[in-house]
Every structure is written in C-alpha cells, then in structure tokens.
Amino acid sequence: MRAMAVLLLLLAGSVAADDDRHVFVTGVDTSLVQTSTPLTSWTEGGVGKLRYDEDHDGLRLSRAFFDYRGRLTSTLNVRATLNYNPDIDGELDFTEAYLEFRPVPNSAWRWRAKLGAFYPQISMENVDVAWSTPYTLSSSTINSWIAEELRTIGLEWSVQRDGFAPGSPHHFGAEAAIFFANDPTGAYVAWKGWSVHDRQTGLRGKLPLAPLPVIQAYGQLPGHDRHVEPFREIDHNAGFYVGGNYRYRERFRINMLHYDNHADPEAESGGQYAWATWFNHLGVQFALPGDIGLIGQWVDGRTQMGPDVGPTRLIDAYFDAWSTLATKALGRHRVSLRYDDFNLGQYDTTWFDNQLEHGDAWTVAWLYQHSPALRFGLEYVQIYTDRLAWMYYPDSEAATCGPGGIEPCDMTEKQLQLTLRWLFSNQSL
C-alpha cells in the first residue's frame with residue numbers, strides 16, 4: 001500500500017504542468033530478478049555483493065523517481081530528483097536538489113555555478129534522467145559506490161570553452177567545488193567493499209552494516225551505529241574537489257578529478273564517525289569504428305578513521321577499481337558488455353578489521369526502447385570476490401568460506417534481471 005501511494009503521488013506530478021519552463025519526468029522500474037548466491041545481500045545487512053539475494057528476489061519494484069527541471073529566470077535553473085527505494089525501510093528521499101546559475105556569456109568562456117546537493121562530475125555512464133544509465137540496468141562498481149555514499153552538498157563552479165579558434169573541434173572545461181556533509185565517505189567501501197547494483201542513497205539515507213566485529217561490544221568501536229549515514233556533517237571542515245575535462249567533437253572525451261573530503265578522522269557525532277577520504281578519478285570515452293562506444297573509468301584512493309596508532313590510523317584502507325564498457329545501438333536495441341576489476345586493502349593492523357578484497361565482475365545487458373515511454377531491459381551480472389574479512393564475521397555466512405570459516409572466502413554471485421521502465425512526462429520524451 002505504501003509503495004502504491006508513492007507511485008500515485010509521483011504519477012500525479014508528471015501532469016502537473018505544461019509550461020516548457022517546467023519539465024517533470026516520472027519513472028518506474030519494475031523488475032523480475034533471479035539471484036544465485038548463498039550470501040545475504042548488503043541491503044539486508046549481509047555481506048553479499050548484489051542488491052538482492054535468494055530470499056529477496058522475484059518480482060520487485062526496483063525504483064520510482066520524480067525528476068523536475070525548472071527555469072526560474074533566463075539564467076537561473078532548479079533541478080530536483082525525488083527517489084523511492086522499497087528496500088532498507090522503504091526510502092523516499094531526494095537524491096539531488098540544487099540551483100544552477102548560467103549567466104549569459106560575454107566572451108568565449110562560459111561558466112556556471114551549482115548550489116545545493118548533486119552528484120560530482122565523475123560518472124561517464126550515469127548520464128540519463130535521474131542519474132540512471134542508458135547502457136545497462138546496474139551501474140559499474142565505481143558508480144555503484146558513488147551512488148551509495150558520495151554527493152556534493154555545497155557549491156560547484158565550472159567553466160567551459162570551445163577551442164581557441166572559430167569552428168574548433170576542441171572543447172575544454174574545468175570545475176572546482178567546496179562542500180560539507182560528506183564526512184563518512186569511505187566508511188561503506190572500506191567495511192562493505194565494492195558492489196554492482198542500481199540503488200541510489202537518498203540524502204537522509206542510512207546504509208546497513210554487516211555484523212562487523214570492530215563495532216561489536218568487544219570491538220574497538222563499540223559505540224558505532226550498526227549503519228552508515230553517508231551525508232552527515234561531523235567535523236565542520238569543508239571538503240573540496242577540482243577537475244578538468246577535454247572533448248574532441250563527439251569522438252573522444254576525458255575527465256579527471258581529485259577529491260578530498262578533508263575530514264577529521266578522530267571526529268565523532270552520535271554514533272557516526274568522520275573518515276578522511278581522498279581519491280583520484282580518470283574517465284575516458286571513445287567512439288570506435290562501427291558505431292561502437294567505449295567507456296572506461298578508474299579510481300584510486302585512501303580512507304582513514306580513528307586515532308593515530310603509529311604509522312597509520314586505527315583503520316586505514318586503500319581502494320581502487322576500474323571498468324571498461326563497450327556498447328552499440330542497433331535501431332531501438334542496445335547491447336552492452338562491461339568488465340569491472342576492484343581491490344580493497346589496508347595499511348592498519350587492527351584486529352578483526354581485515355579489509356582485504358579483490359574481485360571482478362561481468363555485466364551483459366540488452367535494452368529495447370519500445371517507445372519513448374516504455375523500455376525493456378535484460379541484464380546478467382556475475383561478480384567474483386575474494387574477501388578475507390568474511391572469516392571474522394560472527395553468525396554470518398563465514399561457514400561458506402571454508403572449514404569453520406577460517407579460510408579466505410572465494411565467492412561467485414550471479415543475477416539475472418528483466419526490467420520494465422515506464423516514463424511519464426509533461427513534455428515529449
């Protein structure tokens with residue numbers, strides 16, 4: 001009943017206006033999911049890498065969203081996305097909400113400013129409405145992590161120009177941002193590891209943790225909540241990122257970004273801890289012969305939390321991941337193939353807090369755009385993980401990872417998903 005009420009609310013909004021200054025798009029993703037894994041999903045507080053497990057697959061309402069784009073004046077725009085996730089206590093929340101100022105350019109340079117809550121300019125795949133991807137059903141490991149615990153809540157300034165000569169095919173851009181309320185960034189990738197899924201955390205969202213020994217009564221952090229609130233301000237320090245991009249016509253594109261949340265790793269507030277997290281990101285996109293698109297992303301970073309215990313913090317982890325996606329449109333059909341490789345390691349020697357993880361994932365997807373309002377999608381995901389930390393989880397699936405749960409855990413999880421997306425808008429799609 002609650003899900004139905006939410007859907008009716010979103011659908012009602014899609015016909016609320018017919019002025020082209022205000023564009024409403026409502027989307028509903030309904031999925032038939034079959035999962036093969038002995039593990040409980042991370043959304044249920046387990047250690048599984050997929051959004052669903054064998055006890056929570058079947059016919060699912062994956063997502064409903066309401067996306068609004070408005071033009072308040074000739075230079076001031078507003079954007080907001082309201083998202084509903086039925087899992088993790090049925091989360092209805094905004095994933096983005098911001099103002100954008102685009103002044104009339106008086107030179108070859110064009111600049112804009114964004115104020116509010118929004119995704120940083122990292123993903124090369126999630127470029128469709130409501131930060132979804134037009135290539136697959138699930139996001140890559142990098143973009144799944146961004147959807148989990150990364151958001152800019154602050155101010156971003158960017159500048160662009162088209163080459164340095166009339167008709168130049170070159171396009172240059174740069175951006176810089178200052179933000180707050182992303183202090184726990186890094187906690188979830190360090191303690192949960194990498195995943196492949198299509199879920200986005202709302203701005204008030206809480207993400208469940210597996211039964212980590214480090215946060216139990218006998219652990220080093222017994223006061224930590226059994227969840228992570230990724231968009232909390234804890235230490236009142238401002239974070240920042242800077243980036244640049246280059247595009248050659250529609251044939252080649254490259255993005256680079258350095259991110260640092262500048263958090264105090266010893267700060268704590270109400271059971272949530274700040275994590276000092278920084279990373280570098282590189283993304284490239286090519287148009288290959290045969291109208292094949294190729295997208296690649298790479299991220300490399302480090303996150304720390306807790307007091308200084310010598311050469312490291314109490315918890316000190318490094319992470320890196322990369323993905324490559326090939327895609328081709330065939331009329332109304334699109335086929336895509338993606339490979340992900342990911343790693344998680346540690347510099348600290350904290351007992352019962354082993355972050356060692358290595359794995360990879362294959363994703364094969366077929367999308368069919370039946371009409372502007374209706375899209376079918378079929379996707380297969382296989383993710384392999386070797387995560388030593390599972391051997392330490394009490395009362396969990398550790399027994400599946402060797403005799404008595406004392407061996408490194410090699411696990412392969414599989415998911416087949418058929419999704420129907422309905423889009424409704426007050427404008428032509």
# chains A, B, ... in the order shown; residues from 1 in each chain; ligands from 1
call {"tool": "residues_around", "arguments": {"residues": "A:Ala276", "least_positions_apart": "2", "cutoff": "6 Å", "atoms": "only C-alpha atoms", "output": "compact mmCIF listing (two decimals) with C-alpha atoms, in the first residue's frame"}}
result
# COMPACT_ATOMS: atom_id res chain seq x y z
CA HIS A 262 39.17 16.92 4.36
CA ALA A 263 37.54 15.13 7.28
CA PRO A 265 39.45 11.08 11.24
CA THR A 303 40.37 6.39 3.64
CA GLN A 304 41.29 6.66 7.33
call {"tool": "select_by_dssp", "arguments": {"residues": "stretch 82-295 of chain A", "states": "strand (DSSP E)", "output": "PyMOL selection string"}}
result
chain A and resi 82-85+91-101+110-118+152-162+170-180+207-208+227-228+239-248+252-260+268-269+272-273+276-288+292-295
call {"tool": "select_by_dssp", "arguments": {"residues": "stretch 216-406 of chain A", "states": "helix (DSSP H, G or I)", "output": "list in words"}}
result
Leu388, Ala389, Trp390, Met391, Tyr392, Glu397, Ala398, Ala399, Thr400, Cys401, Pro403, Gly404 and Gly405 of chain A
call {"tool": "closest_residue", "arguments": {"among": "A:Ala80, A:Val196, A:Leu99, A:Ala373", "to": "A:Ser138", "atoms": "only C-alpha atoms"}}
result
A:Val196
call {"tool": "residues_around", "arguments": {"residues": "A:Asp360", "least_positions_apart": "5", "cutoff": "7 Å", "atoms": "only C-alpha atoms", "output": "ChimeraX atom specification"}}
result
/A:340-342,383-385
call {"tool": "residues_around", "arguments": {"residues": "A:Pro120", "least_positions_apart": "2", "cutoff": "10 Å", "atoms": "only C-alpha atoms", "output": "ChimeraX atom specification"}}
result
/A:117-118,122-123,146,150-153,156,175-177,241,243,257,259
call {"tool": "write_last_selection", "arguments": {"atoms": "N, CA and C atoms", "output": "PDB file, in the first residue's frame"}}
result
ATOM      1  N   ALA A 117      22.620  20.096  -3.452  1.00  0.00           N
ATOM      2  CA  ALA A 117      23.087  18.714  -3.324  1.00  0.00           C
ATOM      3  C   ALA A 117      23.016  18.055  -4.693  1.00  0.00           C
ATOM      4  N   PHE A 118      24.148  17.505  -5.154  1.00  0.00           N
ATOM      5  CA  PHE A 118      24.198  16.942  -6.502  1.00  0.00           C
ATOM      6  C   PHE A 118      25.378  15.984  -6.598  1.00  0.00           C
ATOM      7  N   ILE A 122      31.659  12.825 -12.140  1.00  0.00           N
ATOM      8  CA  ILE A 122      32.564  11.686 -12.205  1.00  0.00           C
ATOM      9  C   ILE A 122      32.075  10.643 -13.191  1.00  0.00           C
ATOM     10  N   SER A 123      30.830  10.206 -13.063  1.00  0.00           N
ATOM     11  CA  SER A 123      30.344   9.089 -13.853  1.00  0.00           C
ATOM     12  C   SER A 123      30.321   9.406 -15.346  1.00  0.00           C
ATOM     13  N   ILE A 146      29.643   5.493  -5.870  1.00  0.00           N
ATOM     14  CA  ILE A 146      29.254   6.904  -5.879  1.00  0.00           C
ATOM     15  C   ILE A 146      27.791   7.046  -5.475  1.00  0.00           C
ATOM     16  N   LEU A 150      28.450   9.080  -2.028  1.00  0.00           N
ATOM     17  CA  LEU A 150      29.139  10.273  -2.497  1.00  0.00           C
ATOM     18  C   LEU A 150      28.139  11.266  -3.069  1.00  0.00           C
ATOM     19  N   ARG A 151      28.160  12.470  -2.562  1.00  0.00           N
ATOM     20  CA  ARG A 151      27.321  13.547  -3.064  1.00  0.00           C
ATOM     21  C   ARG A 151      27.988  14.871  -2.714  1.00  0.00           C
ATOM     22  N   THR A 152      27.858  15.855  -3.584  1.00  0.00           N
ATOM     23  CA  THR A 152      28.329  17.201  -3.281  1.00  0.00           C
ATOM     24  C   THR A 152      27.188  17.968  -2.639  1.00  0.00           C
ATOM     25  N   ILE A 153      27.398  18.416  -1.422  1.00  0.00           N
ATOM     26  CA  ILE A 153      26.416  19.261  -0.737  1.00  0.00           C
ATOM     27  C   ILE A 153      27.123  20.578  -0.462  1.00  0.00           C
ATOM     28  N   GLU A 156      29.559  24.340  -6.494  1.00  0.00           N
ATOM     29  CA  GLU A 156      30.483  23.972  -7.569  1.00  0.00           C
ATOM     30  C   GLU A 156      30.503  25.082  -8.609  1.00  0.00           C
ATOM     31  N   GLU A 175      36.325  22.372 -13.346  1.00  0.00           N
ATOM     32  CA  GLU A 175      35.383  22.620 -12.265  1.00  0.00           C
ATOM     33  C   GLU A 175      36.105  22.515 -10.927  1.00  0.00           C
ATOM     34  N   ALA A 176      35.531  23.189  -9.935  1.00  0.00           N
ATOM     35  CA  ALA A 176      36.028  23.139  -8.570  1.00  0.00           C
ATOM     36  C   ALA A 176      34.835  23.273  -7.639  1.00  0.00           C
ATOM     37  N   ALA A 177      34.906  22.624  -6.484  1.00  0.00           N
ATOM     38  CA  ALA A 177      33.774  22.643  -5.559  1.00  0.00           C
ATOM     39  C   ALA A 177      34.266  22.674  -4.129  1.00  0.00           C
ATOM     40  N   TYR A 241      36.907  19.424  -4.281  1.00  0.00           N
ATOM     41  CA  TYR A 241      37.432  18.674  -5.416  1.00  0.00           C
ATOM     42  C   TYR A 241      37.703  19.637  -6.558  1.00  0.00           C
ATOM     43  N   GLY A 243      38.684  19.449 -10.931  1.00  0.00           N
ATOM     44  CA  GLY A 243      38.719  18.550 -12.074  1.00  0.00           C
ATOM     45  C   GLY A 243      38.828  19.295 -13.382  1.00  0.00           C
ATOM     46  N   LEU A 257      39.560  14.111 -12.048  1.00  0.00           N
ATOM     47  CA  LEU A 257      39.079  14.780 -10.841  1.00  0.00           C
ATOM     48  C   LEU A 257      39.873  14.301  -9.632  1.00  0.00           C
ATOM     49  N   TYR A 259      39.529  14.426  -5.451  1.00  0.00           N
ATOM     50  CA  TYR A 259      38.521  14.638  -4.404  1.00  0.00           C
ATOM     51  C   TYR A 259      39.164  14.465  -3.033  1.00  0.00           C
TER      52      TYR A 259
END
call {"tool": "residues_around", "arguments": {"residues": "A:Pro184", "least_positions_apart": "3", "cutoff": "9 Å", "atoms": "only C-alpha atoms", "output": "count of residues only"}}
result
18
call {"tool": "closest_atom_pairs", "arguments": {"of": "stretch 23-139 of chain A", "to": "stretch 282-295 of chain A", "cutoff": "12 Å", "atoms": "only C-alpha atoms", "output": "CSV"}}
result
residue,atom,partner,partner_atom,distance
A:Gln121,CA,A:Gly283,CA,10.3
A:Ile122,CA,A:Gly283,CA,7.5
A:Ser123,CA,A:Gly283,CA,7.7
A:Met124,CA,A:Gly283,CA,6.6
A:Glu125,CA,A:Ile295,CA,7.5
A:Asn126,CA,A:Ile295,CA,11.3
A:Tyr135,CA,A:Gly293,CA,10.1
call {"tool": "write_last_selection", "arguments": {"atoms": "N, CA and C atoms", "output": "PDB file, in the first residue's frame"}}
result
ATOM      1  N   GLN A 121      30.898  15.517 -10.914  1.00  0.00           N
ATOM      2  CA  GLN A 121      31.009  15.148 -12.326  1.00  0.00           C
ATOM      3  C   GLN A 121      32.071  14.050 -12.496  1.00  0.00           C
ATOM      4  N   ILE A 122      31.659  12.825 -12.140  1.00  0.00           N
ATOM      5  CA  ILE A 122      32.564  11.686 -12.205  1.00  0.00           C
ATOM      6  C   ILE A 122      32.075  10.643 -13.191  1.00  0.00           C
ATOM      7  N   SER A 123      30.830  10.206 -13.063  1.00  0.00           N
ATOM      8  CA  SER A 123      30.344   9.089 -13.853  1.00  0.00           C
ATOM      9  C   SER A 123      30.321   9.406 -15.346  1.00  0.00           C
ATOM     10  N   MET A 124      30.817   8.471 -16.146  1.00  0.00           N
ATOM     11  CA  MET A 124      30.741   8.564 -17.598  1.00  0.00           C
ATOM     12  C   MET A 124      29.551   7.780 -18.137  1.00  0.00           C
ATOM     13  N   GLU A 125      28.930   6.964 -17.276  1.00  0.00           N
ATOM     14  CA  GLU A 125      27.830   6.101 -17.692  1.00  0.00           C
ATOM     15  C   GLU A 125      26.471   6.631 -17.250  1.00  0.00           C
ATOM     16  N   ASN A 126      26.385   7.192 -16.054  1.00  0.00           N
ATOM     17  CA  ASN A 126      25.100   7.600 -15.486  1.00  0.00           C
ATOM     18  C   ASN A 126      24.742   9.006 -15.954  1.00  0.00           C
ATOM     19  N   TYR A 135      22.916   2.472 -20.689  1.00  0.00           N
ATOM     20  CA  TYR A 135      23.656   1.358 -21.271  1.00  0.00           C
ATOM     21  C   TYR A 135      23.341   0.014 -20.615  1.00  0.00           C
TER      22      TYR A 135
END
call {"tool": "closest_residue", "arguments": {"among": "A:Thr350, A:Gln415, A:Ser168, A:Thr35", "to": "A:Tyr380", "atoms": "only C-alpha atoms"}}
result
A:Gln415
